[in-house]
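Asks: First the structure, then my questions, so here it is.
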Amino acid sequence: MKLIATICKSSCLFFMLLVFFTACNKDSLSVDSTNFPDSNDVLVKDGELFFPDIEALRSVRNFIKTASENEIMRWQHQIGFESVKFHYVNAKQSLGVEETQEDWEKLKANYNGLIKIDGHKIRPRLEIGTFGWLIGEKNQLRVGKSIVHYTVDEFLISVPDGDLDKLERAKLTKQSDLENGVYVHPVLLKTTRLRNCPSYLGLYDVRSPSDTRKIDMEVAVVESIFTVTGGLSIEVAGTVYFDHEKRAAFGIWNGDQTQCTYDAAIVGNIFVTSSGGGSSNIPFSFSENNFTTGNESTYTRIIPIFDDDILNGNGATVTISSIGLHLDQTSETGNSKISNLHIGCNW
């Protein structure tokens, strides 16, 4: 009888633990949609987002600018949409703490065509600022009857009347046709890759010279200018990247979780023409000092520089006069430390 009682107690305990962990698991997967965009502001159809008007687009973009990556991921999971950034963040999060070559081979197999992979560096499939959260497999979105399309070589085409034939012609020519209401803008303005920044910074551990690490730093500034029914929408955004690697056995480089502190500054101007024939200049500048990254092997942060809707605008040109990116130091990582570092780029 004692044996039976013991078995019963054990079974009850097991059942209670099973219920507890199941409840916890369900809770961790639950979606708090309290602050998600209004369902009337966006519709998902065939892997593409449809917005009724420019105000609805603005409302959703305001959510994206203030929400965390995980909140945006949960929102997109809820509405059944997988954006360019959705795949990029998923890929980053799929890598383990100790990144191995096997991890990277799995990453390449699982995300082929969904992200860019260069060695141990990953990037979004399209470099388009916060709009990376709004563009899916078709590389476009709709605002009213307007089409906004990003080409694979990063031109932005807007066709306010939604004429698909005009869109296809613009994809080939990469040129605006103002007479027929077709607007084409390059997206990438400047990147450190095109300037004098080193491709990577070779750093040696101060305690163990044989323990080599390297940090690759990059900033890309992109613009999204498009004309839709109801006005002109302009976004200028910078994306800062830091890629950290550590040399393992046989000279193989693996990802290395590291924390960095950096300064960044961007200055420029927007020249806007209005539908009434007038024009105006909008200067902008952005700077931040001693910003500390997360403790990760690939760090990404979108810097919002300028973002506005010009309701009477029909064209704009963005120029960047200067960018600065300076890495001040890295913090202690495990049993290693990289210190006394100050290197950067200005142009």
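Residue numbering restarts at 1 in every chain; chains get A, B, ... in the order shown in the structure tokens, and ligands count up from 1 in that same order.
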Do a neighbour search on segment 290-307 of chain A at 7 Å with only C-alpha atoms, toss out local chain neighbours closer than 5 positions, and write the hits as a count of residues only.
Replies: 22
Asks: Identify all residues of segment 67-297 of chain A in alpha helix (DSSP H) (DSSP on the backbone) and supply them as JSON, numbers by chain.
Replies: {"A": [69, 70, 71, 72, 73, 74, 75, 76, 77, 78, 79, 84, 85, 86, 87, 88, 89, 90, 91, 92, 93, 94, 101, 102, 103, 104, 105, 106, 107, 108, 109, 110, 164, 165, 166, 167, 168, 169, 170, 171, 172, 173]}
Asks: Convert the current residue selection to file output with C-alpha atoms, as a PDB file, in the first residue's frame.
Replies:
```pdb
ATOM      1  CA  GLU A  69      12.236  44.476 -32.329  1.00  0.00           C
ATOM      2  CA  ASN A  70      10.448  41.705 -30.432  1.00  0.00           C
ATOM      3  CA  GLU A  71       7.198  43.705 -30.340  1.00  0.00           C
ATOM      4  CA  ILE A  72       7.338  44.303 -34.086  1.00  0.00           C
ATOM      5  CA  MET A  73       8.117  40.618 -34.661  1.00  0.00           C
ATOM      6  CA  ARG A  74       5.082  39.598 -32.588  1.00  0.00           C
ATOM      7  CA  TRP A  75       2.855  42.057 -34.472  1.00  0.00           C
ATOM      8  CA  GLN A  76       3.999  40.714 -37.836  1.00  0.00           C
ATOM      9  CA  HIS A  77       3.490  37.148 -36.651  1.00  0.00           C
ATOM     10  CA  GLN A  78      -0.044  38.070 -35.601  1.00  0.00           C
ATOM     11  CA  ILE A  79      -1.018  39.623 -38.966  1.00  0.00           C
ATOM     12  CA  VAL A  84      12.750  41.994 -44.905  1.00  0.00           C
ATOM     13  CA  LYS A  85      13.683  42.891 -41.311  1.00  0.00           C
ATOM     14  CA  PHE A  86      11.593  40.018 -39.903  1.00  0.00           C
ATOM     15  CA  HIS A  87      13.866  37.497 -41.636  1.00  0.00           C
ATOM     16  CA  TYR A  88      17.009  39.432 -40.701  1.00  0.00           C
ATOM     17  CA  VAL A  89      16.165  39.547 -36.973  1.00  0.00           C
ATOM     18  CA  ASN A  90      15.129  35.886 -37.022  1.00  0.00           C
ATOM     19  CA  ALA A  91      18.474  34.995 -38.590  1.00  0.00           C
ATOM     20  CA  LYS A  92      20.418  36.971 -35.958  1.00  0.00           C
ATOM     21  CA  GLN A  93      18.487  35.361 -33.126  1.00  0.00           C
ATOM     22  CA  SER A  94      18.988  31.859 -34.526  1.00  0.00           C
ATOM     23  CA  GLN A 101      30.772  26.995 -38.489  1.00  0.00           C
ATOM     24  CA  GLU A 102      27.892  24.522 -38.310  1.00  0.00           C
ATOM     25  CA  ASP A 103      25.614  27.344 -37.085  1.00  0.00           C
ATOM     26  CA  TRP A 104      26.552  29.435 -40.107  1.00  0.00           C
ATOM     27  CA  GLU A 105      26.016  26.570 -42.547  1.00  0.00           C
ATOM     28  CA  LYS A 106      22.507  26.078 -41.114  1.00  0.00           C
ATOM     29  CA  LEU A 107      21.901  29.813 -41.383  1.00  0.00           C
ATOM     30  CA  LYS A 108      22.854  29.836 -45.059  1.00  0.00           C
ATOM     31  CA  ALA A 109      20.566  26.877 -45.762  1.00  0.00           C
ATOM     32  CA  ASN A 110      17.574  28.244 -43.821  1.00  0.00           C
ATOM     33  CA  LEU A 164       1.544  48.373 -63.242  1.00  0.00           C
ATOM     34  CA  ASP A 165       2.802  48.984 -66.799  1.00  0.00           C
ATOM     35  CA  LYS A 166       4.457  52.222 -65.655  1.00  0.00           C
ATOM     36  CA  LEU A 167       6.059  50.336 -62.762  1.00  0.00           C
ATOM     37  CA  GLU A 168       7.509  47.670 -65.060  1.00  0.00           C
ATOM     38  CA  ARG A 169       8.964  50.323 -67.403  1.00  0.00           C
ATOM     39  CA  ALA A 170      10.512  52.176 -64.464  1.00  0.00           C
ATOM     40  CA  LYS A 171      12.134  48.946 -63.220  1.00  0.00           C
ATOM     41  CA  LEU A 172      13.969  48.747 -66.542  1.00  0.00           C
ATOM     42  CA  THR A 173      14.903  52.417 -67.006  1.00  0.00           C
TER      43      THR A 173
END
```
Asks: I want to know what sits within 10 Å of Ile135 of chain A, based on only C-alpha atoms, with residues of the same chain fewer than 2 positions away left out; could you give that as a PyMOL selection string?
Replies: chain A and resi 47-49+81-86+126+128+130-133+137-141+148-150
Asks: Find the residues near Asp309 of chain A: any atom within 8 Å, counting only C-alpha atoms, skip ones fewer than 4 places away on the same chain, and give them as an mmCIF file with N, CA and C atoms, in the first residue's frame.
Replies:
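In the end it all went to around-v1.cif:
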```cif
data_model
loop_
_atom_site.group_PDB
_atom_site.id
_atom_site.type_symbol
_atom_site.label_atom_id
_atom_site.label_comp_id
_atom_site.auth_asym_id
_atom_site.auth_seq_id
_atom_site.Cartn_x
_atom_site.Cartn_y
_atom_site.Cartn_z
ATOM 1 N N GLY A 231 0.307 63.167 -50.971
ATOM 2 C CA GLY A 231 1.501 63.882 -50.562
ATOM 3 C C GLY A 231 2.801 63.145 -50.814
ATOM 4 N N LEU A 232 3.862 63.729 -50.257
ATOM 5 C CA LEU A 232 5.224 63.228 -50.406
ATOM 6 C C LEU A 232 5.706 62.737 -49.048
ATOM 7 N N SER A 233 6.257 61.547 -48.998
ATOM 8 C CA SER A 233 6.773 60.993 -47.745
ATOM 9 C C SER A 233 8.289 60.881 -47.844
ATOM 10 N N ILE A 234 8.985 61.369 -46.826
ATOM 11 C CA ILE A 234 10.454 61.377 -46.830
ATOM 12 C C ILE A 234 10.973 60.754 -45.541
#
```
Asks: DSSP says strand (DSSP E) for which residues of segment 62-119 of chain A? Put them as a list of chain:residue names?
Replies: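 Filtering segment 62-119 of chain A down to strand (DSSP E) leaves A:Ile115, A:Lys116, A:Ile117, A:Asp118.
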Asks: Just the residues within 8 Å of Val184 of chain A, please, counting only C-alpha atoms, with nothing from its chain fewer than 3 positions along; format it as an mmCIF file with N, CA and C atoms, in the first residue's frame.
Replies:
```cif
data_model
loop_
_atom_site.group_PDB
_atom_site.id
_atom_site.type_symbol
_atom_site.label_atom_id
_atom_site.label_comp_id
_atom_site.auth_asym_id
_atom_site.auth_seq_id
_atom_site.Cartn_x
_atom_site.Cartn_y
_atom_site.Cartn_z
ATOM 1 N N PHE A 155 16.732 50.937 -55.750
ATOM 2 C CA PHE A 155 16.064 52.146 -56.203
ATOM 3 C C PHE A 155 14.632 52.087 -55.693
ATOM 4 N N LEU A 156 14.060 53.250 -55.386
ATOM 5 C CA LEU A 156 12.672 53.304 -54.948
ATOM 6 C C LEU A 156 11.831 53.914 -56.065
ATOM 7 N N ILE A 157 10.791 53.204 -56.464
ATOM 8 C CA ILE A 157 9.888 53.656 -57.520
ATOM 9 C C ILE A 157 8.516 53.887 -56.914
ATOM 10 N N SER A 158 7.954 55.071 -57.141
ATOM 11 C CA SER A 158 6.581 55.309 -56.704
ATOM 12 C C SER A 158 5.723 55.691 -57.905
ATOM 13 N N ALA A 170 9.578 51.496 -65.369
ATOM 14 C CA ALA A 170 10.512 52.176 -64.464
ATOM 15 C C ALA A 170 11.547 51.210 -63.900
ATOM 16 N N LYS A 174 15.044 52.761 -64.575
ATOM 17 C CA LYS A 174 15.539 53.382 -63.334
ATOM 18 C C LYS A 174 15.546 54.907 -63.444
ATOM 19 N N GLN A 175 14.582 55.444 -64.201
ATOM 20 C CA GLN A 175 14.506 56.882 -64.412
ATOM 21 C C GLN A 175 13.100 57.389 -64.139
ATOM 22 N N SER A 176 13.004 58.593 -63.566
ATOM 23 C CA SER A 176 11.701 59.201 -63.338
ATOM 24 C C SER A 176 11.073 59.622 -64.664
#
```
Asks: Out of A:Ala220, A:Ile270, A:Val187, A:Val228, which residue has the shortest atom-to-atom distance to Leu57 of chain A when counting only C-alpha atoms?
Replies: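 Smallest distance to Leu57 of chain A is found for A:Val228.
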Asks: Have a look at A:Ala67, A:Val143, A:Ile320, A:Ile122 and name the one nearest to Pro52 of chain A; count only C-alpha atoms.
Replies: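 Smallest separation from Pro52 of chain A among the options: A:Val143.
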